[in-house]
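Source file: work15.txt; contents: compact mmCIF, C-alpha atoms and all ligand atoms.
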```txt
# COMPACT_ATOMS: atom_id res chain seq x y z
CA MET P 10 -2.74 77.70 43.26
CA ARG P 11 0.74 79.09 42.45
CA VAL P 12 0.44 80.59 38.96
CA LEU P 13 3.28 81.77 36.75
CA VAL P 14 1.93 84.45 34.40
CA THR P 15 4.06 85.63 31.47
CA GLY P 16 3.44 89.06 29.95
CA GLY P 17 1.50 90.16 33.04
CA CYS P 18 2.44 93.83 32.61
CA GLY P 19 0.52 94.03 29.33
CA PHE P 20 -3.16 94.71 28.76
CA ILE P 21 -4.88 91.34 29.24
CA GLY P 22 -2.20 89.88 31.55
CA SER P 23 -2.52 92.74 34.05
CA ASN P 24 -6.32 92.51 34.07
CA PHE P 25 -5.99 88.73 34.56
CA ILE P 26 -3.58 89.02 37.52
CA ARG P 27 -5.89 91.56 39.20
CA LEU P 28 -8.88 89.21 38.73
CA LEU P 29 -6.94 86.17 39.98
CA LEU P 30 -5.85 87.92 43.19
CA GLN P 31 -9.38 89.24 43.76
CA GLU P 32 -11.22 85.99 43.12
CA HIS P 33 -8.83 83.42 44.66
CA ALA P 34 -7.63 84.43 48.12
CA GLU P 35 -5.28 81.41 48.30
CA ASP P 36 -3.58 82.00 44.92
CA GLU P 37 -0.07 83.40 44.43
CA VAL P 38 1.31 84.88 41.23
CA LEU P 39 4.75 85.29 39.69
CA ASN P 40 4.66 87.70 36.76
CA LEU P 41 7.54 87.16 34.27
CA ASP P 42 7.68 90.13 31.91
CA LYS P 43 10.38 91.61 29.69
CA LEU P 44 8.85 95.09 29.92
CA THR P 45 8.84 95.83 26.21
CA TYR P 46 7.19 99.06 25.01
CA ALA P 47 3.85 97.35 25.74
CA GLY P 48 4.71 96.21 29.28
CA ASN P 49 3.92 98.78 31.94
CA PRO P 50 4.37 98.15 35.69
CA GLU P 51 1.84 100.98 36.29
CA ASN P 52 -0.83 98.51 35.07
CA LEU P 53 -0.41 96.60 38.35
CA LYS P 54 0.43 99.44 40.75
CA ASP P 55 -2.62 98.65 42.90
CA VAL P 56 -1.46 95.05 43.57
CA GLU P 57 2.32 95.47 43.78
CA ASP P 58 2.28 95.52 47.61
CA ASP P 59 0.13 92.40 47.83
CA PRO P 60 2.41 89.69 49.35
CA ARG P 61 0.83 87.13 46.99
CA TYR P 62 2.11 89.09 43.96
CA ASN P 63 5.70 88.64 42.73
CA PHE P 64 7.46 90.17 39.74
CA MET P 65 10.49 89.05 37.75
CA LYS P 66 11.85 91.04 34.81
CA GLY P 67 12.85 88.51 32.17
CA ASP P 68 12.53 87.31 28.59
CA ILE P 69 10.56 84.17 27.69
CA CYS P 70 13.06 83.59 24.85
CA ASP P 71 15.93 83.31 27.36
CA ALA P 72 16.17 79.73 28.65
CA ARG P 73 17.86 80.87 31.90
CA ASP P 74 15.12 83.42 32.67
CA VAL P 75 12.44 80.82 32.04
CA GLU P 76 14.23 78.22 34.16
CA GLU P 77 14.59 80.71 37.02
CA ALA P 78 10.89 81.60 36.85
CA PHE P 79 9.91 77.91 36.97
CA SER P 80 12.19 77.39 40.00
CA TRP P 81 9.57 79.44 41.92
CA GLY P 82 7.50 76.23 41.79
CA PRO P 83 4.35 77.09 39.81
CA GLU P 84 1.48 74.61 39.60
CA ALA P 85 0.32 76.25 36.37
CA VAL P 86 1.62 78.72 33.81
CA VAL P 87 -0.47 81.12 31.72
CA ASN P 88 1.46 82.34 28.69
CA PHE P 89 0.28 85.82 27.63
CA ALA P 90 3.72 87.17 26.65
CA ALA P 91 3.79 88.08 22.96
CA GLU P 92 4.27 90.81 20.42
CA THR P 93 0.64 91.65 19.67
CA HIS P 94 0.11 94.52 17.25
CA VAL P 95 -0.68 93.45 13.67
CA ASP P 96 0.55 96.72 12.13
CA ARG P 97 3.94 96.41 13.85
CA SER P 98 4.21 92.80 12.62
CA ILE P 99 3.87 94.10 9.06
CA THR P 100 6.75 96.59 9.38
CA SER P 101 9.01 94.47 11.67
CA PRO P 102 8.08 90.78 11.81
CA GLU P 103 11.26 89.48 13.48
CA ASP P 104 10.33 90.25 17.09
CA PHE P 105 7.03 88.44 16.52
CA ILE P 106 8.71 85.28 15.30
CA ARG P 107 11.18 85.46 18.17
CA THR P 108 8.80 86.02 21.08
CA ASP P 109 5.61 84.40 19.83
CA VAL P 110 7.29 81.26 18.43
CA LEU P 111 10.69 80.80 20.12
CA GLY P 112 9.37 82.18 23.42
CA THR P 113 6.44 79.75 23.43
CA TYR P 114 8.88 76.91 22.69
CA ARG P 115 10.97 77.86 25.76
CA ILE P 116 7.87 77.85 27.96
CA LEU P 117 6.78 74.49 26.53
CA GLU P 118 10.21 72.96 27.17
CA GLU P 119 10.32 74.06 30.79
CA ALA P 120 6.68 73.11 31.41
CA ARG P 121 7.46 69.65 30.01
CA LYS P 122 10.60 69.21 32.16
CA GLU P 123 8.84 70.36 35.32
CA GLY P 124 5.46 68.73 34.58
CA VAL P 125 3.53 72.01 34.91
CA ARG P 126 0.05 72.58 33.41
CA LEU P 127 0.16 75.23 30.66
CA LEU P 128 -2.59 77.52 29.43
CA HIS P 129 -1.38 79.16 26.23
CA ILE P 130 -3.10 82.39 25.18
CA SER P 131 -3.80 82.46 21.45
CA THR P 132 -6.09 84.48 19.21
CA ASP P 133 -9.04 84.12 16.83
CA GLU P 134 -6.74 85.54 14.11
CA VAL P 135 -5.04 82.14 13.65
CA TYR P 136 -8.11 80.94 11.70
CA GLY P 137 -7.85 83.83 9.24
CA SER P 138 -10.81 85.72 7.83
CA ILE P 139 -14.36 84.35 7.35
CA GLU P 140 -17.08 86.11 5.33
CA SER P 141 -20.06 84.36 6.97
CA GLY P 142 -20.51 81.81 9.75
CA SER P 143 -18.00 81.18 12.54
CA PHE P 144 -14.85 79.14 13.07
CA SER P 145 -14.94 76.18 15.45
CA GLU P 146 -11.91 74.94 17.38
CA ASP P 147 -11.40 72.30 14.65
CA SER P 148 -11.27 74.79 11.76
CA PRO P 149 -7.96 74.86 9.86
CA LEU P 150 -5.41 77.53 10.70
CA MET P 151 -5.12 80.05 7.82
CA PRO P 152 -3.29 83.07 9.27
CA ASN P 153 -2.70 86.11 7.04
CA SER P 154 -0.35 88.47 8.91
CA PRO P 155 3.12 87.88 10.36
CA TYR P 156 1.48 88.31 13.80
CA SER P 157 -1.22 85.68 13.26
CA ALA P 158 1.23 83.35 11.50
CA SER P 159 3.58 83.48 14.51
CA LYS P 160 0.65 82.83 16.88
CA ALA P 161 -0.51 79.90 14.70
CA ALA P 162 3.01 78.45 14.75
CA ALA P 163 2.99 78.61 18.56
CA ASP P 164 -0.41 76.85 18.68
CA LEU P 165 0.97 74.01 16.53
CA LEU P 166 3.95 73.64 18.87
CA VAL P 167 1.55 73.41 21.84
CA ARG P 168 -0.39 70.70 19.99
CA ALA P 169 2.84 68.81 19.26
CA TYR P 170 3.89 68.92 22.95
CA VAL P 171 0.48 67.54 23.98
CA ARG P 172 0.63 64.72 21.44
CA THR P 173 4.34 63.87 21.69
CA TYR P 174 5.13 64.41 25.36
CA GLY P 175 1.68 64.24 26.93
CA LEU P 176 2.05 67.81 28.25
CA GLU P 177 -1.05 69.01 30.09
CA ALA P 178 -1.59 72.06 27.89
CA LEU P 179 -4.68 74.00 26.83
CA ILE P 180 -5.23 76.88 24.41
CA VAL P 181 -7.65 79.83 24.55
CA ARG P 182 -8.34 81.70 21.28
CA SER P 183 -10.17 84.93 21.93
CA SER P 184 -11.62 87.70 19.82
CA ASN P 185 -10.71 91.41 20.08
CA ASN P 186 -10.45 92.54 23.70
CA TYR P 187 -11.07 96.08 24.92
CA GLY P 188 -11.12 97.80 28.30
CA PRO P 189 -8.77 99.47 30.82
CA TYR P 190 -4.97 99.47 30.39
CA GLN P 191 -4.93 98.70 26.63
CA TYR P 192 -1.94 100.27 24.89
CA PRO P 193 -3.19 103.13 22.69
CA GLU P 194 -1.86 101.61 19.44
CA LYS P 195 -5.02 99.42 19.33
CA VAL P 196 -8.10 100.90 17.70
CA ILE P 197 -10.42 101.58 20.68
CA PRO P 198 -7.91 103.27 23.04
CA LEU P 199 -6.32 105.05 20.05
CA PHE P 200 -9.61 106.54 18.92
CA VAL P 201 -10.81 107.42 22.44
CA THR P 202 -7.55 109.10 23.49
CA ASN P 203 -7.20 110.91 20.15
CA LEU P 204 -10.66 112.42 20.65
CA LEU P 205 -9.78 113.37 24.23
CA GLU P 206 -6.71 115.15 22.81
CA GLY P 207 -8.82 116.95 20.19
CA ARG P 208 -7.33 114.91 17.34
CA LYS P 209 -9.02 113.03 14.51
CA VAL P 210 -9.34 109.24 14.36
CA PRO P 211 -7.58 107.37 11.51
CA LEU P 212 -10.04 104.86 10.01
CA TYR P 213 -8.50 102.29 7.63
CA GLY P 214 -10.00 101.93 4.16
CA GLU P 215 -13.79 101.94 4.00
CA GLY P 216 -14.26 100.83 7.62
CA LYS P 217 -16.08 97.67 6.51
CA ASN P 218 -13.90 95.19 8.39
CA VAL P 219 -15.71 93.36 11.19
CA ARG P 220 -14.36 92.52 14.65
CA ASP P 221 -16.11 90.71 17.53
CA TRP P 222 -15.61 92.80 20.68
CA LEU P 223 -15.01 91.18 24.07
CA TYR P 224 -14.68 93.15 27.31
CA VAL P 225 -11.34 92.23 28.85
CA GLU P 226 -12.80 91.21 32.23
CA ASP P 227 -15.05 88.71 30.45
CA ASN P 228 -12.04 87.21 28.67
CA CYS P 229 -10.10 87.00 31.95
CA ARG P 230 -13.01 85.13 33.57
CA ALA P 231 -13.02 82.69 30.64
CA ILE P 232 -9.24 82.18 30.95
CA ASP P 233 -9.57 81.59 34.70
CA LEU P 234 -12.34 79.03 34.11
CA VAL P 235 -10.41 77.17 31.40
CA LEU P 236 -7.30 77.15 33.61
CA ARG P 237 -9.23 75.41 36.42
CA SER P 238 -11.90 73.40 34.57
CA GLY P 239 -10.71 72.95 30.98
CA SER P 240 -9.73 69.49 29.71
CA PRO P 241 -6.03 68.98 28.95
CA GLY P 242 -5.18 69.07 25.25
CA GLN P 243 -8.31 71.09 24.42
CA ILE P 244 -8.73 74.42 22.64
CA TYR P 245 -11.42 76.93 23.67
CA ASN P 246 -12.67 79.83 21.53
CA VAL P 247 -13.80 82.91 23.44
CA GLY P 248 -15.78 85.73 21.83
CA GLY P 249 -18.12 88.50 22.91
CA GLY P 250 -20.76 87.82 20.24
CA GLU P 251 -20.66 91.57 19.54
CA GLU P 252 -19.68 91.96 15.88
CA ARG P 253 -19.35 95.51 14.54
CA THR P 254 -17.86 97.00 11.40
CA ASN P 255 -15.08 99.47 12.14
CA LEU P 256 -17.38 102.23 10.91
CA GLU P 257 -20.09 101.16 13.39
CA LEU P 258 -17.47 101.02 16.14
CA THR P 259 -16.17 104.47 15.23
CA ARG P 260 -19.67 105.97 15.23
CA ALA P 261 -20.42 104.40 18.63
CA ILE P 262 -17.26 106.00 20.07
CA LEU P 263 -18.07 109.38 18.45
CA GLU P 264 -21.57 109.29 19.91
CA ILE P 265 -20.44 108.48 23.46
CA MET P 266 -17.81 111.22 23.26
CA GLY P 267 -20.06 113.84 21.66
CA ALA P 268 -17.92 114.14 18.50
CA GLY P 269 -19.07 114.30 14.86
CA GLU P 270 -18.11 112.60 11.57
CA GLU P 271 -15.67 115.48 10.84
CA SER P 272 -13.42 113.84 13.46
CA VAL P 273 -12.88 110.81 11.18
CA GLU P 274 -9.89 110.79 8.83
CA ARG P 275 -9.91 108.06 6.17
CA VAL P 276 -6.41 106.60 5.84
CA PRO P 277 -4.94 103.89 3.55
CA ASP P 278 -5.94 100.33 4.41
CA ARG P 279 -3.74 97.82 6.26
CA PRO P 280 -2.02 95.41 3.82
CA GLY P 281 -3.64 91.94 3.94
CA HIS P 282 -6.38 93.34 6.19
CA ASP P 283 -8.62 90.45 7.37
CA LEU P 284 -12.25 91.29 6.60
CA ARG P 285 -13.98 89.50 9.45
CA TYR P 286 -13.19 87.35 12.47
CA SER P 287 -15.85 85.19 14.08
CA VAL P 288 -15.60 82.25 16.47
CA ASP P 289 -18.11 79.68 17.67
CA THR P 290 -18.01 79.82 21.48
CA ARG P 291 -20.27 76.87 22.39
CA LYS P 292 -17.39 74.89 23.88
CA VAL P 293 -16.37 77.48 26.50
CA ARG P 294 -20.05 78.23 27.21
CA GLY P 295 -20.37 74.51 27.96
CA LEU P 296 -17.94 75.04 30.86
CA GLY P 297 -20.35 77.63 32.27
CA TRP P 298 -18.92 80.86 30.83
CA SER P 299 -20.87 83.69 29.25
CA PRO P 300 -19.96 87.36 28.87
CA ARG P 301 -21.29 89.74 31.55
CA TYR P 302 -20.86 92.95 29.54
CA ASP P 303 -22.69 93.86 26.36
CA PHE P 304 -20.79 96.04 23.92
CA GLU P 305 -22.59 99.31 24.71
CA THR P 306 -21.99 98.93 28.47
CA GLY P 307 -18.37 97.83 28.01
CA LEU P 308 -17.60 100.66 25.60
CA ARG P 309 -19.08 103.29 27.94
CA LYS P 310 -17.05 101.88 30.86
CA THR P 311 -13.92 101.93 28.70
CA VAL P 312 -14.40 105.53 27.52
CA ALA P 313 -15.01 106.58 31.14
CA TRP P 314 -11.82 104.81 32.26
CA TYR P 315 -9.65 106.63 29.67
CA ARG P 316 -11.32 109.95 30.58
CA GLU P 317 -10.50 109.36 34.26
CA HIS P 318 -6.97 107.99 33.75
CA THR P 319 -5.17 110.61 31.66
CA GLU P 320 -2.18 110.16 34.01
CA TRP P 321 -1.91 106.57 32.66
CA TRP P 322 -2.08 107.21 28.90
CA LYS P 323 -0.63 110.73 28.47
CA PRO P 324 2.97 109.66 29.28
CA ILE P 325 2.60 106.70 26.87
CA LYS P 326 1.33 108.89 24.04
CA SER P 327 4.16 111.39 24.45
CA GLY P 328 6.88 108.71 24.75
CA GLU P 329 7.78 105.78 22.42
CA PHE P 330 4.29 105.90 21.02
CA ARG P 331 4.66 109.45 19.68
CA ARG P 332 7.49 108.50 17.29
CA TYR P 333 5.56 105.41 16.17
CA TYR P 334 2.38 107.45 15.63
CA VAL P 335 3.95 110.29 13.64
CA GLU P 336 5.77 107.83 11.37
CA LYS P 337 2.55 105.92 10.74
CA TYR P 338 -0.21 108.54 10.67
CA GLY P 339 1.64 111.86 10.18
CA ASP P 340 -0.09 114.76 11.93
CA ILE P 341 -3.61 113.29 12.29
P1 LIG V 1 0.21 93.50 25.16
O1 LIG V 1 0.95 93.84 23.92
O2 LIG V 1 -0.61 94.53 25.83
O3 LIG V 1 1.23 92.94 26.26
C1 LIG V 1 2.23 92.00 25.96
C2 LIG V 1 3.06 91.80 27.22
O4 LIG V 1 4.06 90.79 26.96
C3 LIG V 1 3.83 93.06 27.65
O5 LIG V 1 3.74 93.22 29.04
C4 LIG V 1 5.26 92.77 27.21
O6 LIG V 1 6.24 93.44 27.99
C5 LIG V 1 5.33 91.28 27.40
N1 LIG V 1 6.37 90.64 26.55
C6 LIG V 1 6.56 90.82 25.22
N2 LIG V 1 7.63 90.09 24.82
C7 LIG V 1 8.08 89.42 25.91
C8 LIG V 1 9.14 88.50 26.12
N3 LIG V 1 9.95 88.13 25.12
N4 LIG V 1 9.33 87.98 27.35
C9 LIG V 1 8.51 88.36 28.38
N5 LIG V 1 7.51 89.25 28.25
C10 LIG V 1 7.27 89.77 27.01
O7 LIG V 1 -0.66 92.21 24.81
P2 LIG V 1 -2.19 91.86 25.11
O8 LIG V 1 -3.05 92.59 24.17
O9 LIG V 1 -2.42 91.92 26.56
O10 LIG V 1 -2.20 90.32 24.63
C11 LIG V 1 -1.82 89.28 25.53
C12 LIG V 1 -1.96 87.94 24.82
O11 LIG V 1 -3.31 87.77 24.37
C13 LIG V 1 -1.08 87.81 23.58
O12 LIG V 1 -0.59 86.50 23.55
C14 LIG V 1 -2.03 88.07 22.41
O13 LIG V 1 -1.60 87.40 21.26
C15 LIG V 1 -3.32 87.50 22.96
N6 LIG V 1 -4.57 88.09 22.45
C16 LIG V 1 -4.79 89.44 22.53
C17 LIG V 1 -6.01 89.96 22.10
C18 LIG V 1 -6.32 91.44 22.19
O14 LIG V 1 -7.37 91.85 21.69
N7 LIG V 1 -5.51 92.26 22.80
C19 LIG V 1 -6.98 89.11 21.59
C20 LIG V 1 -6.70 87.73 21.48
C21 LIG V 1 -5.50 87.25 21.94
O1 LIG V 2 -8.70 89.34 17.07
C1 LIG V 2 -7.81 89.34 18.14
C2 LIG V 2 -6.69 90.29 17.85
O2 LIG V 2 -7.21 91.60 17.99
C3 LIG V 2 -5.48 90.11 18.75
O3 LIG V 2 -4.94 88.83 18.54
C4 LIG V 2 -4.43 91.18 18.48
O4 LIG V 2 -3.35 91.07 19.38
C5 LIG V 2 -5.08 92.54 18.64
O5 LIG V 2 -4.15 93.56 18.32
C6 LIG V 2 -6.32 92.66 17.75
O6 LIG V 2 -5.95 92.72 16.36
P1 LIG V 2 -6.70 93.72 15.33
O7 LIG V 2 -5.81 93.96 14.19
O8 LIG V 2 -8.08 93.26 15.06
O9 LIG V 2 -6.79 95.02 16.31
P2 LIG V 2 -6.54 96.58 16.03
O10 LIG V 2 -7.01 97.30 17.25
O11 LIG V 2 -5.15 96.85 15.57
O12 LIG V 2 -7.53 96.89 14.83
C7 LIG V 2 -8.93 96.64 14.94
C8 LIG V 2 -9.59 97.04 13.63
O13 LIG V 2 -9.50 98.48 13.50
C9 LIG V 2 -8.88 96.47 12.41
O14 LIG V 2 -9.84 96.09 11.43
C10 LIG V 2 -8.03 97.62 11.89
C11 LIG V 2 -8.81 98.86 12.30
N1 LIG V 2 -7.97 100.04 12.61
C12 LIG V 2 -6.94 99.87 13.50
C13 LIG V 2 -6.12 100.95 13.84
C14 LIG V 2 -4.98 100.77 14.81
C15 LIG V 2 -8.24 101.28 12.04
O15 LIG V 2 -9.20 101.44 11.24
N2 LIG V 2 -7.44 102.33 12.36
C16 LIG V 2 -6.39 102.22 13.23
O16 LIG V 2 -5.67 103.24 13.46
```
Re-express the file's structure as structure tokens.
Ligand code: NAD
Ligand code: DAU
Amino acid sequence: MRVLVTGGCGFIGSNFIRLLLQEHAEDEVLNLDKLTYAGNPENLKDVEDDPRYNFMKGDICDARDVEEAFSWGPEAVVNFAAETHVDRSITSPEDFIRTDVLGTYRILEEARKEGVRLLHISTDEVYGSIESGSFSEDSPLMPNSPYSASKAAADLLVRAYVRTYGLEALIVRSSNNYGPYQYPEKVIPLFVTNLLEGRKVPLYGEGKNVRDWLYVEDNCRAIDLVLRSGSPGQIYNVGGGEERTNLELTRAILEIMGAGEESVERVPDRPGHDLRYSVDTRKVRGLGWSPRYDFETGLRKTVAWYREHTEWWKPIKSGEFRRYYVEKYGDI
């Protein structure tokens, strides 16, 4: 299959492209990425000489870039490209509305004109927070941050294109991913790399918020399965079934890394901080998917990867990220 992947230089997109090239010898990929602060060509250095891998620098909000990418002749498009960090959406929402909403619209338009199957990558955050139980794919969308609101808006556009134009589109809504190549603004790589640098880890509020952790390779396998076997017009939740409070997560990282509670710095909470995300994953399991990594195994693999790849994260932490970090956390 010829697959157009947007946002393939980011965390999940780069892991997905690597998996696709490994698992499907006949597949070819075109990666359309704007290379924002979160897009890093180093994430795909090991596949850049593969003749089945192609790269185009471009913006999904730019109709000409999107048209050019579709002229490559994809049979399917997987739309990962987005602004993704909740905290950044609170301080500067505009880029989120632009890329996550307008960008998705541009992809939808071109997919409709060219009759290309679309798998849109969404998030469990569109459902909002749930104190007990889990959201199904039919639960109402109740987003609480500018990030999740922009992702929910995109999901509604996808729905409208399915209903109005009969576009062959599907949506995957996954829980929190972790693993190699995640930008160190997100909690797991931030905490792990801070500890490797001898810094403290900034825990928001009381650390009672709950996230369901999913190893990135497991999510990529679910995306690949839905792309090939999912029913058009359908939504699939994906989750690791590994719920932890942030305090439990922090303690698990401290233990693996041989650090103590004195390494934790309590910092003010995130505004509008969702207490808990949880999704019912029976639908994707019905396609034959289940996670291969439990949380303890995945977390150990992830810590080991950051230990062994200082050359990947050190330049990031001393570049754009440094200014962002100091403004947000001070000298922690
Ligand atoms: P990321 O921030 O690591 O990467 C985003 C990528 O998109 C970068 O390569 C960036 O350069 C690119 N990009 C941004 N704006 C663009 C534009 N206008 N045009 C083209 N490329 C652009 O993101 P991620 O964590 O890998 O997330 C990928 C997708 O998965 C997103 O849609 C996100 O909402 C969704 N998601 C992420 C998680 C998670 O835990 N990380 C969980 C559920 C869903
Ligand atoms: O649920 C899926 C979502 O997961 C994705 O859609 C988002 O793109 C992704 O960023 C992620 O959102 P979260 O807000 O859950 O992830 P983050 O890593 O930013 O935070 C995880 C939890 O850790 C959250 O409850 C806030 C807390 N946290 C985060 C940071 C960055 C801290 O306590 N301290 C921190 O410094």
Next on the checklist: Please identify all protein, DNA and RNA residues within 7 Å of ligand LIG 2 (chain V), counting only C-alpha atoms and all ligand atoms, and report them as a PyMOL selection string.
Outcome noted: chain P and resi 93-96+132-134+183-186+194-197+199+211-213+216+218-220+255+282+286
Item to check | Residue with smallest distance to Thr45 of chain P - pool P:Gly19, P:Pro60, P:Gly188, P:Gly248, counting all atoms listed in the file | outcome: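 Ranking P:Gly19, P:Pro60, P:Gly188, P:Gly248 by distance to Thr45 of chain P, first place goes to P:Gly19.
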Checklist entry - Closest to ligand LIG 1 (chain V) among P:Leu236, P:Met266, P:Ala91, P:Leu205, using all atoms listed in the file? => result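 Among the listed residues, P:Ala91 lies closest to ligand LIG 1 (chain V).
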Item to check | Surroundings of ligand LIG 1 (chain V) up to 6 Å, based on all atoms listed in the file, as an MDAnalysis selection string | outcome: chainID P and resid 15:22 42:45 47:48 67:70 89:93 108 130:132 183:186 192
Item to check | Minimum-distance residue to Val225 of chain P, chosen among P:Glu84, P:Asp303, P:Glu123, P:Glu252 (using only C-alpha atoms) | outcome: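 Of P:Glu84, P:Asp303, P:Glu123, P:Glu252, the one nearest Val225 of chain P is P:Asp303, counting only C-alpha atoms.
You can rank P:Arg285, P:Glu226, P:Ile116, P:Ile232 by their closest distance to Glu77 of chain P using all atoms listed in the file, and at the top of that list sits P:Ile116.
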Checklist entry - atom CA of Phe304 of chain P and atom CA of Tyr187 of chain P are how many Å apart? => result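 Atom CA of Tyr187 of chain P lies 9.8 Å from atom CA of Phe304 of chain P.
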Checklist entry - Residues at most 10 Å from Tyr190 of chain P, counting all atoms listed in the file, excluding those fewer than 3 positions away in the same chain, as number ranges by chain? => result P: 18-21, 23-24, 49, 51-53, 187, 193, 198, 225, 311, 314-315, 318, 321-322
